[in-house]
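What follows is the content of run13.pdb (PDB, N, CA and C atoms).
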ATOM      1  N   MET A   1     -58.770 -20.715-314.020
ATOM      2  CA  MET A   1     -58.231 -19.511-314.620
ATOM      3  C   MET A   1     -56.784 -19.332-314.170
ATOM      4  N   SER A   2     -55.921 -18.998-315.085
ATOM      5  CA  SER A   2     -54.517 -18.783-314.780
ATOM      6  C   SER A   2     -54.297 -17.384-314.215
ATOM      7  N   PRO A   3     -53.351 -17.252-313.291
ATOM      8  CA  PRO A   3     -53.054 -15.922-312.747
ATOM      9  C   PRO A   3     -52.495 -14.998-313.826
ATOM     10  N   GLN A   4     -52.744 -13.714-313.684
ATOM     11  CA  GLN A   4     -52.209 -12.719-314.618
ATOM     12  C   GLN A   4     -50.722 -12.478-314.406
ATOM     13  N   VAL A   5     -50.264 -12.665-313.178
ATOM     14  CA  VAL A   5     -48.849 -12.451-312.851
ATOM     15  C   VAL A   5     -48.449 -13.484-311.803
ATOM     16  N   CYS A   6     -47.200 -13.925-311.890
ATOM     17  CA  CYS A   6     -46.670 -14.882-310.914
ATOM     18  C   CYS A   6     -45.327 -14.395-310.403
ATOM     19  N   ALA A   7     -45.009 -14.812-309.200
ATOM     20  CA  ALA A   7     -43.681 -14.565-308.638
ATOM     21  C   ALA A   7     -43.092 -15.923-308.291
ATOM     22  N   ALA A   8     -41.833 -16.104-308.622
ATOM     23  CA  ALA A   8     -41.156 -17.368-308.348
ATOM     24  C   ALA A   8     -39.947 -17.112-307.460
ATOM     25  N   GLY A   9     -39.699 -18.040-306.549
ATOM     26  CA  GLY A   9     -38.535 -17.907-305.696
ATOM     27  C   GLY A   9     -38.722 -18.572-304.359
ATOM     28  N   GLY A  10     -38.079 -18.011-303.360
ATOM     29  CA  GLY A  10     -38.076 -18.596-302.033
ATOM     30  C   GLY A  10     -39.377 -18.411-301.284
ATOM     31  N   VAL A  11     -39.767 -19.451-300.570
ATOM     32  CA  VAL A  11     -40.931 -19.432-299.683
ATOM     33  C   VAL A  11     -40.432 -19.954-298.337
ATOM     34  N   THR A  12     -40.463 -19.108-297.326
ATOM     35  CA  THR A  12     -39.879 -19.441-296.029
ATOM     36  C   THR A  12     -40.831 -19.108-294.897
ATOM     37  N   LEU A  13     -40.365 -19.351-293.697
ATOM     38  CA  LEU A  13     -41.065 -18.900-292.494
ATOM     39  C   LEU A  13     -40.246 -17.773-291.879
ATOM     40  N   ASP A  14     -40.926 -16.730-291.453
ATOM     41  CA  ASP A  14     -40.282 -15.602-290.789
ATOM     42  C   ASP A  14     -40.893 -15.411-289.410
ATOM     43  N   CYS A  15     -40.080 -14.930-288.499
ATOM     44  CA  CYS A  15     -40.544 -14.506-287.182
ATOM     45  C   CYS A  15     -40.120 -13.045-287.023
ATOM     46  N   VAL A  16     -41.031 -12.233-286.504
ATOM     47  CA  VAL A  16     -40.773 -10.799-286.417
ATOM     48  C   VAL A  16     -40.993 -10.320-284.983
ATOM     49  N   GLY A  17     -39.996  -9.629-284.458
ATOM     50  CA  GLY A  17     -40.117  -8.982-283.158
ATOM     51  C   GLY A  17     -40.258  -7.478-283.377
ATOM     52  N   GLU A  18     -41.348  -6.925-282.889
ATOM     53  CA  GLU A  18     -41.604  -5.490-283.049
ATOM     54  C   GLU A  18     -40.953  -4.706-281.909
ATOM     55  N   ALA A  19     -40.747  -3.434-282.126
ATOM     56  CA  ALA A  19     -40.119  -2.562-281.126
ATOM     57  C   ALA A  19     -40.921  -2.516-279.826
ATOM     58  N   ASP A  20     -42.239  -2.711-279.913
ATOM     59  CA  ASP A  20     -43.071  -2.664-278.705
ATOM     60  C   ASP A  20     -43.107  -3.996-277.956
ATOM     61  N   GLY A  21     -42.344  -4.988-278.436
ATOM     62  CA  GLY A  21     -42.287  -6.288-277.771
ATOM     63  C   GLY A  21     -43.200  -7.337-278.380
ATOM     64  N   THR A  22     -44.079  -6.959-279.299
ATOM     65  CA  THR A  22     -44.943  -7.916-279.972
ATOM     66  C   THR A  22     -44.096  -8.847-280.836
ATOM     67  N   VAL A  23     -44.414 -10.132-280.791
ATOM     68  CA  VAL A  23     -43.690 -11.121-281.589
ATOM     69  C   VAL A  23     -44.676 -11.855-282.484
ATOM     70  N   HIS A  24     -44.348 -11.969-283.756
ATOM     71  CA  HIS A  24     -45.156 -12.690-284.745
ATOM     72  C   HIS A  24     -44.357 -13.914-285.163
ATOM     73  N   LEU A  25     -44.855 -15.105-284.866
ATOM     74  CA  LEU A  25     -44.136 -16.340-285.146
ATOM     75  C   LEU A  25     -44.626 -16.997-286.437
ATOM     76  N   ASP A  26     -43.687 -17.615-287.133
ATOM     77  CA  ASP A  26     -43.976 -18.464-288.293
ATOM     78  C   ASP A  26     -44.933 -17.826-289.300
ATOM     79  N   ARG A  27     -44.549 -16.664-289.777
ATOM     80  CA  ARG A  27     -45.318 -15.944-290.791
ATOM     81  C   ARG A  27     -44.788 -16.297-292.177
ATOM     82  N   PRO A  28     -45.647 -16.253-293.209
ATOM     83  CA  PRO A  28     -45.145 -16.495-294.566
ATOM     84  C   PRO A  28     -44.073 -15.468-294.923
ATOM     85  N   GLY A  29     -42.977 -15.943-295.479
ATOM     86  CA  GLY A  29     -41.896 -15.054-295.863
ATOM     87  C   GLY A  29     -41.172 -15.585-297.085
ATOM     88  N   GLY A  30     -40.111 -14.921-297.437
ATOM     89  CA  GLY A  30     -39.336 -15.290-298.612
ATOM     90  C   GLY A  30     -39.614 -14.342-299.759
ATOM     91  N   ASN A  31     -38.665 -14.277-300.695
ATOM     92  CA  ASN A  31     -38.787 -13.293-301.770
ATOM     93  C   ASN A  31     -40.014 -13.512-302.644
ATOM     94  N   ALA A  32     -40.402 -14.751-302.906
ATOM     95  CA  ALA A  32     -41.583 -14.990-303.748
ATOM     96  C   ALA A  32     -42.855 -14.515-303.058
ATOM     97  N   VAL A  33     -42.953 -14.742-301.759
ATOM     98  CA  VAL A  33     -44.149 -14.329-301.009
ATOM     99  C   VAL A  33     -44.290 -12.809-301.023
ATOM    100  N   HIS A  34     -43.204 -12.108-300.758
ATOM    101  CA  HIS A  34     -43.272 -10.650-300.717
ATOM    102  C   HIS A  34     -43.496 -10.057-302.113
ATOM    103  N   ALA A  35     -42.887 -10.654-303.118
ATOM    104  CA  ALA A  35     -43.076 -10.153-304.486
ATOM    105  C   ALA A  35     -44.509 -10.353-304.959
ATOM    106  N   VAL A  36     -45.081 -11.516-304.690
ATOM    107  CA  VAL A  36     -46.449 -11.768-305.158
ATOM    108  C   VAL A  36     -47.457 -10.933-304.366
ATOM    109  N   ALA A  37     -47.163 -10.657-303.108
ATOM    110  CA  ALA A  37     -48.054  -9.780-302.331
ATOM    111  C   ALA A  37     -48.082  -8.386-302.946
ATOM    112  N   GLY A  38     -46.931  -7.896-303.369
ATOM    113  CA  GLY A  38     -46.882  -6.598-304.040
ATOM    114  C   GLY A  38     -47.565  -6.630-305.389
ATOM    115  N   ALA A  39     -47.348  -7.698-306.145
ATOM    116  CA  ALA A  39     -47.977  -7.819-307.466
ATOM    117  C   ALA A  39     -49.486  -7.862-307.343
ATOM    118  N   ARG A  40     -49.968  -8.473-306.277
ATOM    119  CA  ARG A  40     -51.427  -8.607-306.073
ATOM    120  C   ARG A  40     -52.099  -7.239-305.922
ATOM    121  N   LEU A  41     -51.352  -6.230-305.558
ATOM    122  CA  LEU A  41     -51.913  -4.884-305.456
ATOM    123  C   LEU A  41     -52.290  -4.321-306.822
ATOM    124  N   PHE A  42     -51.639  -4.825-307.875
ATOM    125  CA  PHE A  42     -51.827  -4.270-309.209
ATOM    126  C   PHE A  42     -52.500  -5.223-310.191
ATOM    127  N   ALA A  43     -52.637  -6.480-309.826
ATOM    128  CA  ALA A  43     -53.244  -7.467-310.718
ATOM    129  C   ALA A  43     -54.379  -8.175-309.987
ATOM    130  N   PRO A  44     -55.504  -8.353-310.645
ATOM    131  CA  PRO A  44     -56.631  -9.033-309.999
ATOM    132  C   PRO A  44     -56.325 -10.473-309.593
ATOM    133  N   SER A  45     -55.404 -11.127-310.311
ATOM    134  CA  SER A  45     -55.050 -12.496-309.944
ATOM    135  C   SER A  45     -53.534 -12.659-310.002
ATOM    136  N   ALA A  46     -52.998 -13.278-308.956
ATOM    137  CA  ALA A  46     -51.559 -13.464-308.859
ATOM    138  C   ALA A  46     -51.274 -14.846-308.295
ATOM    139  N   GLY A  47     -50.180 -15.424-308.754
ATOM    140  CA  GLY A  47     -49.804 -16.755-308.299
ATOM    141  C   GLY A  47     -48.371 -16.783-307.809
ATOM    142  N   ILE A  48     -48.082 -17.810-307.057
ATOM    143  CA  ILE A  48     -46.746 -17.978-306.498
ATOM    144  C   ILE A  48     -46.194 -19.324-306.948
ATOM    145  N   VAL A  49     -44.916 -19.319-307.312
ATOM    146  CA  VAL A  49     -44.224 -20.530-307.752
ATOM    147  C   VAL A  49     -43.004 -20.710-306.866
ATOM    148  N   GLY A  50     -42.888 -21.854-306.253
ATOM    149  CA  GLY A  50     -41.743 -22.117-305.403
ATOM    150  C   GLY A  50     -41.791 -23.531-304.865
ATOM    151  N   ARG A  51     -40.716 -23.904-304.199
ATOM    152  CA  ARG A  51     -40.641 -25.218-303.569
ATOM    153  C   ARG A  51     -40.677 -25.039-302.060
ATOM    154  N   VAL A  52     -41.438 -25.888-301.410
ATOM    155  CA  VAL A  52     -41.482 -25.892-299.948
ATOM    156  C   VAL A  52     -41.210 -27.320-299.478
ATOM    157  N   PRO A  53     -40.521 -27.482-298.349
ATOM    158  CA  PRO A  53     -40.277 -28.833-297.849
ATOM    159  C   PRO A  53     -41.582 -29.496-297.426
ATOM    160  N   GLU A  54     -41.574 -30.809-297.436
ATOM    161  CA  GLU A  54     -42.806 -31.545-297.136
ATOM    162  C   GLU A  54     -43.349 -31.263-295.742
ATOM    163  N   ASP A  55     -42.520 -30.769-294.831
ATOM    164  CA  ASP A  55     -43.022 -30.449-293.488
ATOM    165  C   ASP A  55     -43.404 -28.967-293.343
ATOM    166  N   PHE A  56     -43.505 -28.241-294.454
ATOM    167  CA  PHE A  56     -43.928 -26.837-294.391
ATOM    168  C   PHE A  56     -45.324 -26.799-293.780
ATOM    169  N   PRO A  57     -45.557 -25.948-292.792
ATOM    170  CA  PRO A  57     -46.839 -25.958-292.075
ATOM    171  C   PRO A  57     -48.045 -25.661-292.981
ATOM    172  N   ALA A  58     -49.013 -26.568-292.936
ATOM    173  CA  ALA A  58     -50.227 -26.396-293.729
ATOM    174  C   ALA A  58     -50.952 -25.083-293.407
ATOM    175  N   PRO A  59     -51.001 -24.644-292.136
ATOM    176  CA  PRO A  59     -51.680 -23.373-291.855
ATOM    177  C   PRO A  59     -51.001 -22.168-292.530
ATOM    178  N   VAL A  60     -49.682 -22.212-292.678
ATOM    179  CA  VAL A  60     -48.979 -21.106-293.332
ATOM    180  C   VAL A  60     -49.279 -21.126-294.828
ATOM    181  N   ARG A  61     -49.281 -22.317-295.404
ATOM    182  CA  ARG A  61     -49.640 -22.445-296.828
ATOM    183  C   ARG A  61     -51.077 -21.970-297.051
ATOM    184  N   ALA A  62     -51.977 -22.322-296.142
ATOM    185  CA  ALA A  62     -53.365 -21.882-296.236
ATOM    186  C   ALA A  62     -53.483 -20.366-296.084
ATOM    187  N   ALA A  63     -52.637 -19.776-295.245
ATOM    188  CA  ALA A  63     -52.659 -18.313-295.068
ATOM    189  C   ALA A  63     -52.264 -17.612-296.365
ATOM    190  N   ILE A  64     -51.292 -18.182-297.090
ATOM    191  CA  ILE A  64     -50.891 -17.604-298.373
ATOM    192  C   ILE A  64     -52.059 -17.675-299.350
ATOM    193  N   ALA A  65     -52.701 -18.829-299.430
ATOM    194  CA  ALA A  65     -53.855 -18.990-300.328
ATOM    195  C   ALA A  65     -55.023 -18.117-299.875
ATOM    196  N   GLY A  66     -55.153 -17.921-298.561
ATOM    197  CA  GLY A  66     -56.249 -17.122-298.019
ATOM    198  C   GLY A  66     -56.173 -15.654-298.388
ATOM    199  N   GLU A  67     -55.028 -15.218-298.871
ATOM    200  CA  GLU A  67     -54.871 -13.832-299.314
ATOM    201  C   GLU A  67     -55.269 -13.666-300.778
ATOM    202  N   GLY A  68     -55.900 -14.686-301.336
ATOM    203  CA  GLY A  68     -56.349 -14.599-302.720
ATOM    204  C   GLY A  68     -55.263 -14.926-303.727
ATOM    205  N   LEU A  69     -54.212 -15.592-303.288
ATOM    206  CA  LEU A  69     -53.107 -15.939-304.182
ATOM    207  C   LEU A  69     -53.258 -17.378-304.661
ATOM    208  N   ASP A  70     -52.921 -17.598-305.911
ATOM    209  CA  ASP A  70     -52.965 -18.932-306.496
ATOM    210  C   ASP A  70     -51.713 -19.678-306.049
ATOM    211  N   THR A  71     -51.887 -20.751-305.301
ATOM    212  CA  THR A  71     -50.752 -21.501-304.755
ATOM    213  C   THR A  71     -50.525 -22.824-305.485
ATOM    214  N   ARG A  72     -51.135 -23.001-306.642
ATOM    215  CA  ARG A  72     -50.931 -24.253-307.385
ATOM    216  C   ARG A  72     -49.478 -24.436-307.803
ATOM    217  N   GLY A  73     -48.700 -23.360-307.829
ATOM    218  CA  GLY A  73     -47.296 -23.443-308.201
ATOM    219  C   GLY A  73     -46.365 -23.747-307.046
ATOM    220  N   LEU A  74     -46.915 -23.991-305.852
ATOM    221  CA  LEU A  74     -46.079 -24.383-304.715
ATOM    222  C   LEU A  74     -45.921 -25.897-304.729
ATOM    223  N   ALA A  75     -44.712 -26.355-304.911
ATOM    224  CA  ALA A  75     -44.430 -27.789-304.966
ATOM    225  C   ALA A  75     -43.807 -28.254-303.661
ATOM    226  N   SER A  76     -44.370 -29.305-303.085
ATOM    227  CA  SER A  76     -43.777 -29.912-301.895
ATOM    228  C   SER A  76     -42.647 -30.831-302.335
ATOM    229  N   VAL A  77     -41.496 -30.690-301.694
ATOM    230  CA  VAL A  77     -40.328 -31.505-302.028
ATOM    231  C   VAL A  77     -39.854 -32.216-300.763
ATOM    232  N   PRO A  78     -39.170 -33.345-300.921
ATOM    233  CA  PRO A  78     -38.663 -34.053-299.740
ATOM    234  C   PRO A  78     -37.715 -33.161-298.933
ATOM    235  N   GLY A  79     -37.750 -33.363-297.639
ATOM    236  CA  GLY A  79     -36.849 -32.615-296.774
ATOM    237  C   GLY A  79     -37.591 -31.908-295.656
ATOM    238  N   THR A  80     -36.816 -31.262-294.815
ATOM    239  CA  THR A  80     -37.383 -30.518-293.692
ATOM    240  C   THR A  80     -37.046 -29.045-293.851
ATOM    241  N   ARG A  81     -37.889 -28.224-293.278
ATOM    242  CA  ARG A  81     -37.699 -26.780-293.422
ATOM    243  C   ARG A  81     -36.540 -26.291-292.557
ATOM    244  N   ALA A  82     -35.959 -25.222-293.001
ATOM    245  CA  ALA A  82     -34.898 -24.568-292.237
ATOM    246  C   ALA A  82     -35.525 -23.781-291.094
ATOM    247  N   SER A  83     -34.722 -23.434-290.125
ATOM    248  CA  SER A  83     -35.219 -22.591-289.035
ATOM    249  C   SER A  83     -35.675 -21.257-289.600
ATOM    250  N   PRO A  84     -36.732 -20.669-289.028
ATOM    251  CA  PRO A  84     -37.212 -19.377-289.517
ATOM    252  C   PRO A  84     -36.146 -18.293-289.395
ATOM    253  N   GLU A  85     -36.257 -17.311-290.262
ATOM    254  CA  GLU A  85     -35.409 -16.127-290.124
ATOM    255  C   GLU A  85     -36.124 -15.157-289.185
ATOM    256  N   TRP A  86     -35.373 -14.570-288.296
ATOM    257  CA  TRP A  86     -35.911 -13.597-287.346
ATOM    258  C   TRP A  86     -35.569 -12.186-287.799
ATOM    259  N   PHE A  87     -36.543 -11.302-287.667
ATOM    260  CA  PHE A  87     -36.376  -9.881-287.959
ATOM    261  C   PHE A  87     -36.774  -9.121-286.698
ATOM    262  N   PHE A  88     -35.910  -8.239-286.246
ATOM    263  CA  PHE A  88     -36.206  -7.416-285.078
ATOM    264  C   PHE A  88     -36.271  -5.954-285.515
ATOM    265  N   ASN A  89     -37.474  -5.397-285.438
ATOM    266  CA  ASN A  89     -37.698  -4.003-285.830
ATOM    267  C   ASN A  89     -37.489  -3.108-284.619
ATOM    268  N   ARG A  90     -36.658  -2.104-284.782
ATOM    269  CA  ARG A  90     -36.361  -1.174-283.683
ATOM    270  C   ARG A  90     -37.238   0.067-283.782
ATOM    271  N   ALA A  91     -37.371   0.746-282.684
ATOM    272  CA  ALA A  91     -38.203   1.954-282.627
ATOM    273  C   ALA A  91     -37.694   3.046-283.563
ATOM    274  N   ASP A  92     -36.397   3.068-283.860
ATOM    275  CA  ASP A  92     -35.853   4.101-284.748
ATOM    276  C   ASP A  92     -36.051   3.770-286.235
ATOM    277  N   GLY A  93     -36.729   2.646-286.516
ATOM    278  CA  GLY A  93     -36.992   2.260-287.900
ATOM    279  C   GLY A  93     -35.967   1.307-288.488
ATOM    280  N   SER A  94     -34.891   1.072-287.774
ATOM    281  CA  SER A  94     -33.883   0.135-288.271
ATOM    282  C   SER A  94     -34.327  -1.299-287.959
ATOM    283  N   ARG A  95     -33.596  -2.246-288.550
ATOM    284  CA  ARG A  95     -33.975  -3.648-288.384
ATOM    285  C   ARG A  95     -32.721  -4.510-288.299
ATOM    286  N   GLU A  96     -32.767  -5.494-287.443
ATOM    287  CA  GLU A  96     -31.730  -6.518-287.346
ATOM    288  C   GLU A  96     -32.309  -7.782-287.953
ATOM    289  N   ASP A  97     -31.570  -8.408-288.876
ATOM    290  CA  ASP A  97     -32.064  -9.641-289.494
ATOM    291  C   ASP A  97     -30.915 -10.584-289.799
ATOM    292  N   HIS A  98     -31.188 -11.581-290.595
ATOM    293  CA  HIS A  98     -30.237 -12.657-290.910
ATOM    294  C   HIS A  98     -29.898 -13.481-289.681
ATOM    295  N   LEU A  99     -30.870 -13.603-288.791
ATOM    296  CA  LEU A  99     -30.740 -14.414-287.595
ATOM    297  C   LEU A  99     -31.684 -15.604-287.755
ATOM    298  N   HIS A 100     -31.202 -16.807-287.559
ATOM    299  CA  HIS A 100     -32.011 -18.002-287.745
ATOM    300  C   HIS A 100     -32.064 -18.797-286.454
ATOM    301  N   ALA A 101     -33.279 -19.126-286.022
ATOM    302  CA  ALA A 101     -33.493 -19.929-284.825
ATOM    303  C   ALA A 101     -34.912 -20.487-284.864
ATOM    304  N   ASP A 102     -35.117 -21.601-284.213
ATOM    305  CA  ASP A 102     -36.468 -22.168-284.130
ATOM    306  C   ASP A 102     -37.409 -21.172-283.462
ATOM    307  N   SER A 103     -38.672 -21.219-283.856
ATOM    308  CA  SER A 103     -39.645 -20.304-283.276
ATOM    309  C   SER A 103     -40.041 -20.729-281.860
ATOM    310  N   ALA A 104     -39.765 -21.963-281.506
ATOM    311  CA  ALA A 104     -40.071 -22.430-280.149
ATOM    312  C   ALA A 104     -39.147 -21.748-279.156
TER
END
Kindly return the structure encoded in the file as structure tokens.
Amino acid sequence: MSPQVCAAGGVTLDCVGEADGTVHLDRPGGNAVHAVAGARLFAPSAGIVGRVPEDFPAPVRAAIAGEGLDTRGLASVPGTRASPEWFFNRADGSREDHLHADSA
């Protein structure tokens, strides 16, 4: 069965530092991931279309599919992934981002 709605675009890895010190490493991110997650709230079936490098972590790809999203539109392409983008959420609700570094 084909998804009722799809989102196309970037699929990345994100790392998030919370104001309380909690750190979430290598989470699914990118505009396509966030758009399809929102679309899934309103459509019974949603799919994602994007390119991921051949070394994109299988557990992250599985996590995207595990949310009930159709991942048949994710194409593996030659190359290596970029360093994750880091987001630091502050207690006042603001956020620092556009920082890239390995999650290690």
### Task
Step by step, work through what the PyMOL selection byres ((chain A and resi 69-80) around 7) selects in the shown file, and finish by giving those residues as JSON, numbers by chain.
{"A": [3, 45, 46, 47, 48, 49, 50, 51, 52, 53, 54, 55, 56, 64, 65, 66, 67, 68, 81, 82]}
### Task
Run DSSP on the backbone and give me the residues of segment 31-71 of chain A it puts in alpha helix (DSSP H), as number ranges by chain.
A: 31-40, 58-66
How big is the axis-aligned box, and where does its centre sit, when it encloses all atoms of segment 52-69 of chain A listed in the file and has 6 Å added on every side, reported in Å to one decimal as lines of an AutoDock Vina configuration file?
center_x = -48.3
center_y = -22.6
center_z = -298.3
size_x = 28.1
size_y = 29.9
size_z = 24.8
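Of the listed residues (A:Leu99, A:Ala62, A:Ala91, A:Val5), A:Val5 comes nearest to Ala43 of chain A; the distances count only C-alpha atoms.
Across the structure, atom CA of Ala19 of chain A and atom CA of Ala58 of chain A are spaced 28.8 Å apart.
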### Query
Suppose you want the space between atom CA of Thr22 of chain A and atom CA of Ser83 of chain A; what is it in Å?
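Spanning atom CA of Thr22 of chain A to atom CA of Ser83 of chain A is a straight-line distance of 19.8 Å.
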### Task
Please evaluate the PyMOL selection byres (((chain A and resi 96 and name CA) around 12) and name CA) against the displayed coordinates and give the resulting residues as a list in words.
Cys15, Val16, Gly17, Glu18, Ala19, Glu85, Trp86, Phe87, Phe88, Asn89, Arg90, Ala91, Asp92, Gly93, Ser94, Arg95, Asp97, His98, Leu99 and His100 of chain A
Selected segment 39-85 of chain A, written as a short mmCIF file (atom, residue, chain, number, x, y, z; two decimals), in the first residue's frame, C-alpha atoms:
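The resulting file, decode26.cif, is reproduced below:
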data_model
loop_
_atom_site.label_atom_id
_atom_site.label_comp_id
_atom_site.auth_asym_id
_atom_site.auth_seq_id
_atom_site.Cartn_x
_atom_site.Cartn_y
_atom_site.Cartn_z
CA ALA A 39 2.28 14.59 8.67
CA ARG A 40 1.90 11.23 10.42
CA LEU A 41 -0.25 12.96 13.03
CA PHE A 42 -2.88 13.66 10.38
CA ALA A 43 -2.55 10.76 7.93
CA PRO A 44 -2.83 7.05 8.72
CA SER A 45 0.13 6.32 6.43
CA ALA A 46 3.12 8.50 5.68
CA GLY A 47 6.36 7.97 3.83
CA ILE A 48 9.74 9.60 3.64
CA VAL A 49 11.79 10.25 0.51
CA GLY A 50 15.44 11.17 0.75
CA ARG A 51 19.02 10.12 0.20
CA VAL A 52 21.23 8.78 2.96
CA PRO A 53 24.92 7.89 2.67
CA GLU A 54 25.77 4.21 2.58
CA ASP A 55 27.22 4.41 6.10
CA PHE A 56 23.99 5.84 7.59
CA PRO A 57 23.42 3.83 10.79
CA ALA A 58 20.99 0.95 10.31
CA PRO A 59 19.56 1.39 13.84
CA VAL A 60 18.60 5.01 13.05
CA ARG A 61 16.96 3.95 9.79
CA ALA A 62 15.12 1.22 11.71
CA ALA A 63 13.99 3.78 14.31
CA ILE A 64 12.41 5.87 11.53
CA ALA A 65 10.60 2.80 10.18
CA GLY A 66 9.67 1.78 13.73
CA GLU A 67 7.54 4.91 14.03
CA GLY A 68 5.19 3.51 11.40
CA LEU A 69 6.73 5.46 8.53
CA ASP A 70 7.23 4.01 5.07
CA THR A 71 10.98 4.18 4.39
CA ARG A 72 10.97 2.63 0.91
CA GLY A 73 11.78 6.10 -0.43
CA LEU A 74 15.10 6.28 1.43
CA ALA A 75 17.86 5.66 -1.09
CA SER A 76 21.37 4.73 0.00
CA VAL A 77 23.98 6.60 -2.02
CA PRO A 78 27.78 6.30 -2.09
CA GLY A 79 29.61 8.39 0.44
CA THR A 80 29.94 8.95 4.15
CA ARG A 81 27.65 10.85 6.45
CA ALA A 82 28.40 14.32 7.69
CA SER A 83 28.99 14.98 11.36
CA PRO A 84 25.72 15.27 13.31
CA GLU A 85 24.25 18.66 14.00
#
